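What follows is a single structure, written as structure tokens, with notes after it.
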There are 2 protein chains.
Amino acid sequence: MKDIQKYIQENKERFLNELVELLKIPSISADSAYKTDVLKTAEAVKLRLEQAGCDFVEINETPGNPIVYGEKIIDKNLPTVLVYGHYDVQPPNPINLWDSPPFEPVIKTTDKHPDGAIFARGACDDKGQMYMHVKAMEFMTNTNQLPCNVKFMIEGEEEVGSVNLGDFVKNNHDKLKNDVILISDTGMIANDVPSITTGLRGLSYVEVEVTGPNRDLHSGLYGGAVANPINVLTKMIAQLHEENNHITIPGFYDRVEELSKEERAEMAKAPFNLENYKKALDIDTVYGEAGYTTNERNSIRPTLDVNGIWGGYTGEGAKTVIASKAYAKISMRLVPNQDWKEITNLFQTHFEAIAPEGVKVKVNPHHGGQGYVTPIDSIGYQAASNAYRDAFGKTPIPQRSGGSIPIVSLFEQELKSKTILMGFGLDSDAIHSPNEHFGIWNYLKGIETIPLFYKYFTELSK
Amino acid sequence: MKDIQKYIQENKERFLNELVELLKIPSISADSAYKTDVLKTAEAVKLRLEQAGCDFVEINETPGNPIVYGEKIIDKNLPTVLVYGHYDVQPPNPINLWDSPPFEPVIKTTDKHPDGAIFARGACDDKGQMYMHVKAMEFMTNTNQLPCNVKFMIEGEEEVGSVNLGDFVKNNHDKLKNDVILISDTGMIANDVPSITTGLRGLSYVEVEVTGPNRDLHSGLYGGAVANPINVLTKMIAQLHEENNHITIPGFYDRVEELSKEERAEMAKAPFNLENYKKALDIDTVYGEAGYTTNERNSIRPTLDVNGIWGGYTGEGAKTVIASKAYAKISMRLVPNQDWKEITNLFQTHFEAIAPEGVKVKVNPHHGGQGYVTPIDSIGYQAASNAYRDAFGKTPIPQRSGGSIPIVSLFEQELKSKTILMGFGLDSDAIHSPNEHFGIWNYLKGIETIPLFYKYFTELSK
């Protein structure tokens with residue numbers, strides 16, 4: 001594309017400031033207290049899409065948070081790219097571990113980001129990566145280089161399972177009709193090792209509740225004589241893995257895609273330094289399913305993790321109490337062929353089955369989604385690969401990600417098109433964690449790479 | 001004692017109102033935010049002791065909460081009773097489970113308390129039971145029937161392990177010199193089955209912290225590849241009991257006092273209805289150490305209970321995070337001969353030993369205390385037994401309590417005198433729980449019984 005680096009240089013400051021403004025709005029979808037901020041963010045996204053050159057932009061109400069849709073159709077005979085992203089963010093807690101307030105963006109340099117990074121909740125996941133597409137659109141329209149049609153679908157519930165996006169997609173096949181779906185909500189290996197995500201894990205997220213006595217009890221008078229819901233919950237969770245860290249839920253592995261020796265050997269070529277990995281996390285050793293490497297454990301293997309646990313007295317000091325109830329949030333990452341609804345049922349059946357007498361157990365399924373794999377011989381993948389090659393000067397490595405974007409498999413099912421995952425963040429960007437950040441270099445490099453994808457995809461589609 | 005029932009009838013309303021005023025002050029020792037309320041309560045207790053007839057009352061500062069001391073010495077040659085109690089209370093949470101605000105006392109009738117009960121945090125534990133002694137003192141001084149010397153020691157840190165009372169006792173042997181120590185901080189079997197607590201369990205309270213990665217991580221990118229501190233903590237806690245619910249800490253049972261068949265048969269005579277017990281707690285079955293009855297499990301056997309657990313995301317909705325840290329508060333109830341400091345060390349050594357690679361484990365000992373047994377052939381026990389017999393018309397049953405008053409064994413060690421535990425509350429009074437209450441009948445019956453103890457103890461001491 002002509003003059004793209006020049007355009008980025010000239011507008012760099014504005015690109016940054018516009019993102020900073022977006023990051024200041026605490027659009028936390030998991031906490032209803034932030035509903036008005038969520039709506040404010042949707043309005044802001046609508047405005048930015050209009051300013052970037054969309055001919056038509058609308059805010060679509062849903063039973064939850066609205067979905068912003070925008071489009072610019074230049075020629076019905078040209079291919080159409082559908083950009084998906086989300087404007088909602090993860091909750092910032094534990095808030096005390098942030099070095100600066102999560103919704104007051106600051107720019108600081110880091111080892112991995114010598115040119116500086118924007119620190120704020122949502123900087124990388126996904127406001128920053130979503131906004132790259134808006135600025136790439138601006139460049140293509142302002143310089144009359146938009147080579148095809150473009151549609152935007154930016155939702156506000158990705159961090160809570162995209163609960164209403166499914167219906168929106170099902171009910172808007174024509175509006176969302178496209179030839180390829182483009183998403184920047186993943187990462188790449190390193191700034192000098194570009195990569196494209198070709199696989200995602202599925203997800204099943206549940207909340208469990210264990211109830212013992214009908215009220216909190218004095219642990220002296222009742223201790224040892226009644227089932228303690230917290231002790232019971234820990235016993236039940238502990239049973240979900242055996243000594244080799246295989247998951248014990250009957251049927252859990254039945255549909256798991258087993259990769260061939262060759263595929264695993266291919267994966268093993270991705271640069272990975274165990275010592276640096278441990279050092280970055282300050283752990284003395286890695287931990288996981290026997291028989292698999294770290295890169296396999298977090299990508300091609302399903303997992304079960306407790307994301308939160310609570311019960312009894314958690315305040316300052318001591319309280320000698322036996323709680324009436326104990327709770328945990330548990331999520332399972334799934335691999336291709338595992339069906340998240342089936343896994344959720346298997347979990348529920350098993351968890352209820354291992355409950356000892358003396359307690360009542362409730363399993364509340366939260367949400368979930370299927371895994372996904374993109375074929376690297378598709379036009380979309382080739383276009384993305386060429387775009388990275390031009391922008392980074394290196395052919396990107398295809399890699400499986402451990403993360404989940406539940407909606408991707410639904411896109412394919414409903415819209416019959418493939419999704420290309422062009423991620424520009426780094427694993428070290430601390431998404432979902434305190435001090436989330438996004439490299440300025442990565443932000444601008446994304447804006448540079450995306451128009452090249454449009455160019456190559458249009459050419460390869462001819 | 002002359003006219004005691006008449007005196008109680010005439011002053012009943014005032015006795016209730018004075019207690020209600022005391023209960024309105026939220027003297028929560030576990031939470032430093034309530035420090036001023038704690039000090040306010042100490043001042044109130046000082047005033048009430050002066051009004052009840054003490055010749056000398058003082059507030060003794062400590063590094064923590066003050067200890068109120070009062071005395072009335074009528075004759076150096078007469079025996080001296082030292083009354084111990086505490087004016088601090090447990091935290092009220094979970095606050096949402098209270099039917100009325102914990103520090104706005106209300107009077108309601110219950111099945112067990114047809115004459116009404118005062119609902120408020122501290123109503124039974126221990127403001128209500130402590131204040132019975134103040135009103136009994138008032139009666140004896142106002143009617144010139146005080147038969148011996150009396151001393152009061154009312155502390156403000158019982159609910160957080162009496163951390164500063166030990167030094168106070170060690171440094172004030174002369175001031176606290178006595179012939180018997182009288183405490184009302186336990187319960188009795190039922191209003192028509194009076195009982196005296198002859199045994200208490202010891203306590204070891206610890207807080208544990210498991211640290212995995214140095215920051216919260218995205219469970220998709222790292223799930224399955226690093227040790228999840230919450231999963232690890234549940235595994236470690238689960239290992240602390242084996243399938244028969246014996247505690248697995250090496251050496252834990254080495255010093256446990258084993259009761260004879262005869263003693264256990266004697267215990268089994270105490271009225272106990274398993275169906276009512278389960279019904280009252282709404283549980284389908286009891287649970288505990290194999291080979292022991294419910295009454296044995298919560299009195300003569302040591303136990304280990306998690307009193308609180310927390311880690312990761314516990315808010316509304318879902319957060320796919322692997323927490324950096326997970327925590328639990330764990331307490332062990334100990335029986336006579338087990339040394340709480342030794343048990344705390346055994347726990348720490350064992351818990352650190354079972355930590356898997358990939359995490360760091362910290363054990364922070366909170367506080368503790370030794371168990372205690374009162375001989376039923378002592379003058380003090382006989383005086384108490386006679387007092388109950390006169391007031392209740394029934395000889396009380398000696399019973400072991402599962403609770404702990406860590407300071408009791410220290411009293412014996414430092415002051416060389418026995419403690420008599422005259423409790424007037426019921427297990428169903430929900431101490432340490434939401435809706436704690438104390439029967440008005442029990443409150444007034446306590447005020448009636450205590451002076452009789454003074455009378456008999458003085459007579460039997462001749």
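Scheme for the structure tokens: letters A, B, ... for chains in order shown; per-chain residue numbers from 1; ligand numbers from 1 in order shown.
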Any idea what's packed within 10 Å of segment 280-294 of chain A, counting only C-alpha atoms, ignoring anything in its chain fewer than 6 positions away? Could you give it as JSON, numbers by chain?
{"A": [241, 242, 243, 244, 245, 246, 247, 264, 268, 272, 274, 300, 301, 302, 303, 428], "B": [211, 212, 213, 214, 215, 216, 217, 222, 223, 224, 225, 226, 227, 228, 324, 356, 357, 358, 359, 360]}
Helix (DSSP H, G or I) per DSSP on the backbone: members of segment 68-237 of chain A, as an MDAnalysis selection string:
chainID A and resid 95:97 127:142 158:160 165:170 219:222 229:237
Please identify all polymer residues within 12 Å of Leu452 of chain B, counting only C-alpha atoms, omitting same-chain residues fewer than 4 positions from it, and present them as number ranges by chain.
B: 1-5, 133, 136-137, 139-140, 145-148, 380, 382-392, 422, 445-448, 456-459
Based on the selection just made, write N, CA and C atoms of those residues as a tab-separated table (two decimals), in the first residue's frame.
```
chain	number	residue	atom	x	y	z
B	1	MET	N	-29.74	-17.49	98.86
B	1	MET	CA	-29.66	-16.03	98.99
B	1	MET	C	-31.05	-15.43	99.13
B	2	LYS	N	-31.17	-14.45	100.00
B	2	LYS	CA	-32.49	-13.89	100.31
B	2	LYS	C	-33.02	-13.01	99.17
B	3	ASP	N	-34.28	-13.23	98.83
B	3	ASP	CA	-35.01	-12.31	97.94
B	3	ASP	C	-34.41	-12.13	96.56
B	4	ILE	N	-33.59	-13.08	96.10
B	4	ILE	CA	-32.96	-12.83	94.79
B	4	ILE	C	-33.98	-12.83	93.67
B	5	GLN	N	-34.96	-13.77	93.72
B	5	GLN	CA	-35.95	-13.79	92.64
B	5	GLN	C	-36.77	-12.50	92.63
B	133	HIS	N	-22.77	-11.46	85.48
B	133	HIS	CA	-21.92	-11.39	86.68
B	133	HIS	C	-21.93	-9.98	87.27
B	136	ALA	N	-25.25	-9.77	89.05
B	136	ALA	CA	-25.23	-10.60	90.26
B	136	ALA	C	-24.47	-9.87	91.37
B	137	MET	N	-23.40	-9.22	90.96
B	137	MET	CA	-22.60	-8.41	91.91
B	137	MET	C	-23.46	-7.28	92.48
B	139	PHE	N	-26.66	-7.17	92.82
B	139	PHE	CA	-27.63	-7.72	93.79
B	139	PHE	C	-26.97	-7.96	95.15
B	140	MET	N	-25.79	-8.60	95.11
B	140	MET	CA	-25.14	-8.97	96.38
B	140	MET	C	-24.70	-7.74	97.17
B	145	GLN	N	-25.25	-8.90	100.74
B	145	GLN	CA	-25.14	-10.36	100.86
B	145	GLN	C	-23.87	-10.88	100.20
B	146	LEU	N	-22.95	-9.99	99.81
B	146	LEU	CA	-21.70	-10.46	99.19
B	146	LEU	C	-20.92	-11.24	100.24
B	147	PRO	N	-20.74	-12.56	100.06
B	147	PRO	CA	-20.15	-13.40	101.12
B	147	PRO	C	-18.63	-13.47	101.05
B	148	CYS	N	-18.00	-12.93	100.02
B	148	CYS	CA	-16.54	-13.06	99.88
B	148	CYS	C	-16.01	-11.92	99.02
B	380	GLY	N	-14.79	-25.85	93.90
B	380	GLY	CA	-15.42	-24.96	92.92
B	380	GLY	C	-16.53	-25.66	92.16
B	382	GLN	N	-18.19	-28.33	93.08
B	382	GLN	CA	-19.30	-28.65	94.00
B	382	GLN	C	-20.17	-27.42	94.25
B	383	ALA	N	-19.52	-26.27	94.45
B	383	ALA	CA	-20.29	-25.03	94.70
B	383	ALA	C	-21.16	-24.71	93.49
B	384	ALA	N	-20.60	-24.86	92.29
B	384	ALA	CA	-21.35	-24.58	91.06
B	384	ALA	C	-22.52	-25.56	90.94
B	385	SER	N	-22.24	-26.83	91.21
B	385	SER	CA	-23.27	-27.86	91.10
B	385	SER	C	-24.43	-27.57	92.05
B	386	ASN	N	-24.10	-27.18	93.28
B	386	ASN	CA	-25.16	-26.84	94.25
B	386	ASN	C	-25.96	-25.62	93.79
B	387	ALA	N	-25.26	-24.64	93.24
B	387	ALA	CA	-25.93	-23.41	92.79
B	387	ALA	C	-26.95	-23.73	91.70
B	388	TYR	N	-26.55	-24.52	90.71
B	388	TYR	CA	-27.48	-24.92	89.64
B	388	TYR	C	-28.64	-25.71	90.22
B	389	ARG	N	-28.32	-26.63	91.16
B	389	ARG	CA	-29.36	-27.47	91.75
B	389	ARG	C	-30.44	-26.59	92.38
B	390	ASP	N	-29.99	-25.57	93.17
B	390	ASP	CA	-30.97	-24.68	93.82
B	390	ASP	C	-31.75	-23.87	92.80
B	391	ALA	N	-31.06	-23.33	91.80
B	391	ALA	CA	-31.72	-22.42	90.86
B	391	ALA	C	-32.57	-23.15	89.83
B	392	PHE	N	-32.08	-24.32	89.36
B	392	PHE	CA	-32.79	-25.06	88.31
B	392	PHE	C	-33.63	-26.21	88.86
B	422	MET	N	-19.34	-21.82	84.18
B	422	MET	CA	-20.79	-21.82	84.36
B	422	MET	C	-21.41	-21.13	83.16
B	445	LYS	N	-31.78	-16.30	84.67
B	445	LYS	CA	-31.46	-17.49	85.47
B	445	LYS	C	-29.97	-17.48	85.85
B	446	GLY	N	-29.16	-16.95	84.96
B	446	GLY	CA	-27.73	-16.84	85.27
B	446	GLY	C	-27.52	-15.87	86.44
B	447	ILE	N	-28.21	-14.73	86.38
B	447	ILE	CA	-28.08	-13.73	87.46
B	447	ILE	C	-28.54	-14.34	88.78
B	448	GLU	N	-29.49	-15.27	88.71
B	448	GLU	CA	-30.00	-15.92	89.93
B	448	GLU	C	-29.01	-16.97	90.45
B	456	TYR	N	-22.15	-20.86	98.22
B	456	TYR	CA	-21.66	-22.22	98.47
B	456	TYR	C	-20.14	-22.29	98.47
B	457	PHE	N	-19.51	-21.51	97.57
B	457	PHE	CA	-18.05	-21.56	97.51
B	457	PHE	C	-17.45	-21.06	98.82
B	458	THR	N	-18.03	-19.99	99.38
B	458	THR	CA	-17.54	-19.43	100.65
B	458	THR	C	-17.74	-20.45	101.78
B	459	GLU	N	-18.90	-21.07	101.79
B	459	GLU	CA	-19.19	-22.07	102.84
B	459	GLU	C	-18.24	-23.26	102.71
```
Which residues in segment 170-323 of chain B does DSSP call strand (DSSP E)? List them as a PyMOL selection string.
chain B and resi 180-183+195-200+202-211+217-218+303-312+321-322
Store the residues picked out above, limited to N, CA, C and O atoms, as a CSV table (one decimal), in the first residue's frame.
```csv
chain,number,residue,atom,x,y,z
B,180,VAL,N,-10.6,-19.1,93.2
B,180,VAL,CA,-11.3,-19.8,92.1
B,180,VAL,C,-11.6,-18.8,91.0
B,180,VAL,O,-11.8,-17.6,91.3
B,181,ILE,N,-11.6,-19.3,89.7
B,181,ILE,CA,-11.9,-18.4,88.6
B,181,ILE,C,-13.2,-18.8,88.0
B,181,ILE,O,-13.5,-20.0,87.8
B,182,LEU,N,-14.1,-17.8,87.8
B,182,LEU,CA,-15.5,-18.1,87.4
B,182,LEU,C,-15.7,-17.5,86.0
B,182,LEU,O,-15.4,-16.3,85.8
B,183,ILE,N,-16.1,-18.3,85.0
B,183,ILE,CA,-16.3,-17.8,83.6
B,183,ILE,C,-17.6,-18.3,83.1
B,183,ILE,O,-18.0,-19.5,83.3
B,195,SER,N,-26.1,-28.0,82.7
B,195,SER,CA,-24.8,-28.8,82.6
B,195,SER,C,-23.7,-27.8,82.9
B,195,SER,O,-23.9,-26.6,82.8
B,196,ILE,N,-22.6,-28.3,83.4
B,196,ILE,CA,-21.4,-27.5,83.6
B,196,ILE,C,-20.3,-28.1,82.8
B,196,ILE,O,-20.1,-29.3,82.7
B,197,THR,N,-19.6,-27.2,82.1
B,197,THR,CA,-18.5,-27.6,81.2
B,197,THR,C,-17.3,-27.9,82.0
B,197,THR,O,-16.8,-27.1,82.7
B,198,THR,N,-16.8,-29.2,81.8
B,198,THR,CA,-15.6,-29.6,82.6
B,198,THR,C,-14.4,-29.7,81.7
B,198,THR,O,-13.3,-30.0,82.2
B,199,GLY,N,-14.6,-29.6,80.4
B,199,GLY,CA,-13.4,-29.7,79.5
B,199,GLY,C,-13.6,-28.7,78.4
B,199,GLY,O,-14.7,-28.4,77.9
B,200,LEU,N,-12.4,-28.3,77.9
B,200,LEU,CA,-12.4,-27.4,76.7
B,200,LEU,C,-11.3,-27.9,75.8
B,200,LEU,O,-10.4,-28.5,76.2
B,202,GLY,N,-8.3,-27.3,73.0
B,202,GLY,CA,-7.3,-26.3,72.7
B,202,GLY,C,-7.5,-25.9,71.3
B,202,GLY,O,-8.3,-26.4,70.5
B,203,LEU,N,-6.6,-24.9,70.8
B,203,LEU,CA,-6.8,-24.4,69.5
B,203,LEU,C,-5.5,-24.0,68.9
B,203,LEU,O,-4.6,-23.5,69.6
B,204,SER,N,-5.3,-24.3,67.6
B,204,SER,CA,-4.2,-23.8,66.8
B,204,SER,C,-4.8,-23.2,65.6
B,204,SER,O,-5.5,-23.9,64.8
B,205,TYR,N,-4.5,-21.9,65.3
B,205,TYR,CA,-5.1,-21.2,64.2
B,205,TYR,C,-4.0,-20.7,63.3
B,205,TYR,O,-3.2,-20.0,63.8
B,206,VAL,N,-4.1,-21.1,62.0
B,206,VAL,CA,-3.0,-20.7,61.1
B,206,VAL,C,-3.6,-20.1,59.8
B,206,VAL,O,-4.8,-20.4,59.5
B,207,GLU,N,-2.9,-19.3,59.1
B,207,GLU,CA,-3.3,-18.8,57.8
B,207,GLU,C,-2.2,-19.3,56.8
B,207,GLU,O,-1.0,-19.2,57.1
B,208,VAL,N,-2.6,-19.9,55.7
B,208,VAL,CA,-1.7,-20.4,54.7
B,208,VAL,C,-1.8,-19.6,53.4
B,208,VAL,O,-2.9,-19.1,53.1
B,209,GLU,N,-0.7,-19.5,52.7
B,209,GLU,CA,-0.7,-18.7,51.5
B,209,GLU,C,0.1,-19.5,50.4
B,209,GLU,O,1.2,-20.0,50.7
B,210,VAL,N,-0.5,-19.8,49.3
B,210,VAL,CA,0.2,-20.5,48.2
B,210,VAL,C,0.4,-19.5,47.1
B,210,VAL,O,-0.5,-18.9,46.6
B,211,THR,N,1.7,-19.4,46.6
B,211,THR,CA,2.0,-18.5,45.5
B,211,THR,C,2.5,-19.3,44.3
B,211,THR,O,3.4,-20.1,44.5
B,217,LEU,N,-2.6,-14.7,35.7
B,217,LEU,CA,-2.3,-15.1,34.3
B,217,LEU,C,-3.6,-15.4,33.6
B,217,LEU,O,-4.6,-15.8,34.2
B,218,HIS,N,-3.6,-15.3,32.3
B,218,HIS,CA,-4.8,-15.6,31.4
B,218,HIS,C,-4.8,-17.2,31.4
B,218,HIS,O,-3.9,-17.8,31.0
B,303,THR,N,-9.7,-31.9,65.8
B,303,THR,CA,-10.3,-31.7,64.5
B,303,THR,C,-9.5,-30.6,63.7
B,303,THR,O,-8.7,-29.9,64.3
B,304,LEU,N,-9.7,-30.6,62.4
B,304,LEU,CA,-9.0,-29.6,61.5
B,304,LEU,C,-10.1,-29.1,60.6
B,304,LEU,O,-10.7,-29.9,59.9
B,305,ASP,N,-10.4,-27.8,60.6
B,305,ASP,CA,-11.4,-27.2,59.8
B,305,ASP,C,-10.8,-26.0,59.1
B,305,ASP,O,-10.1,-25.2,59.7
B,306,VAL,N,-11.2,-25.9,57.8
B,306,VAL,CA,-10.9,-24.6,57.1
B,306,VAL,C,-12.0,-23.6,57.5
B,306,VAL,O,-13.2,-23.9,57.3
B,307,ASN,N,-11.6,-22.5,58.0
B,307,ASN,CA,-12.5,-21.5,58.4
B,307,ASN,C,-12.8,-20.4,57.3
B,307,ASN,O,-13.7,-19.7,57.4
B,308,GLY,N,-11.9,-20.4,56.4
B,308,GLY,CA,-12.0,-19.4,55.3
B,308,GLY,C,-11.1,-19.8,54.2
B,308,GLY,O,-10.0,-20.3,54.4
B,309,ILE,N,-11.5,-19.5,52.9
B,309,ILE,CA,-10.6,-19.8,51.8
B,309,ILE,C,-10.9,-18.7,50.7
B,309,ILE,O,-12.1,-18.3,50.6
B,310,TRP,N,-9.9,-18.2,50.0
B,310,TRP,CA,-10.1,-17.2,49.0
B,310,TRP,C,-8.9,-17.2,48.0
B,310,TRP,O,-7.8,-17.5,48.4
B,311,GLY,N,-9.3,-16.8,46.8
B,311,GLY,CA,-8.3,-16.7,45.7
B,311,GLY,C,-8.9,-16.5,44.4
B,311,GLY,O,-10.0,-17.0,44.2
B,312,GLY,N,-8.2,-15.8,43.5
B,312,GLY,CA,-8.7,-15.6,42.1
B,312,GLY,C,-9.9,-14.7,42.1
B,312,GLY,O,-10.1,-13.8,42.9
B,321,VAL,N,-9.0,-16.5,34.7
B,321,VAL,CA,-7.7,-16.1,35.2
B,321,VAL,C,-7.1,-17.2,36.0
B,321,VAL,O,-7.8,-18.0,36.6
B,322,ILE,N,-5.8,-17.3,36.0
B,322,ILE,CA,-5.1,-18.1,37.0
B,322,ILE,C,-4.5,-17.2,38.0
B,322,ILE,O,-3.6,-16.3,37.7
```
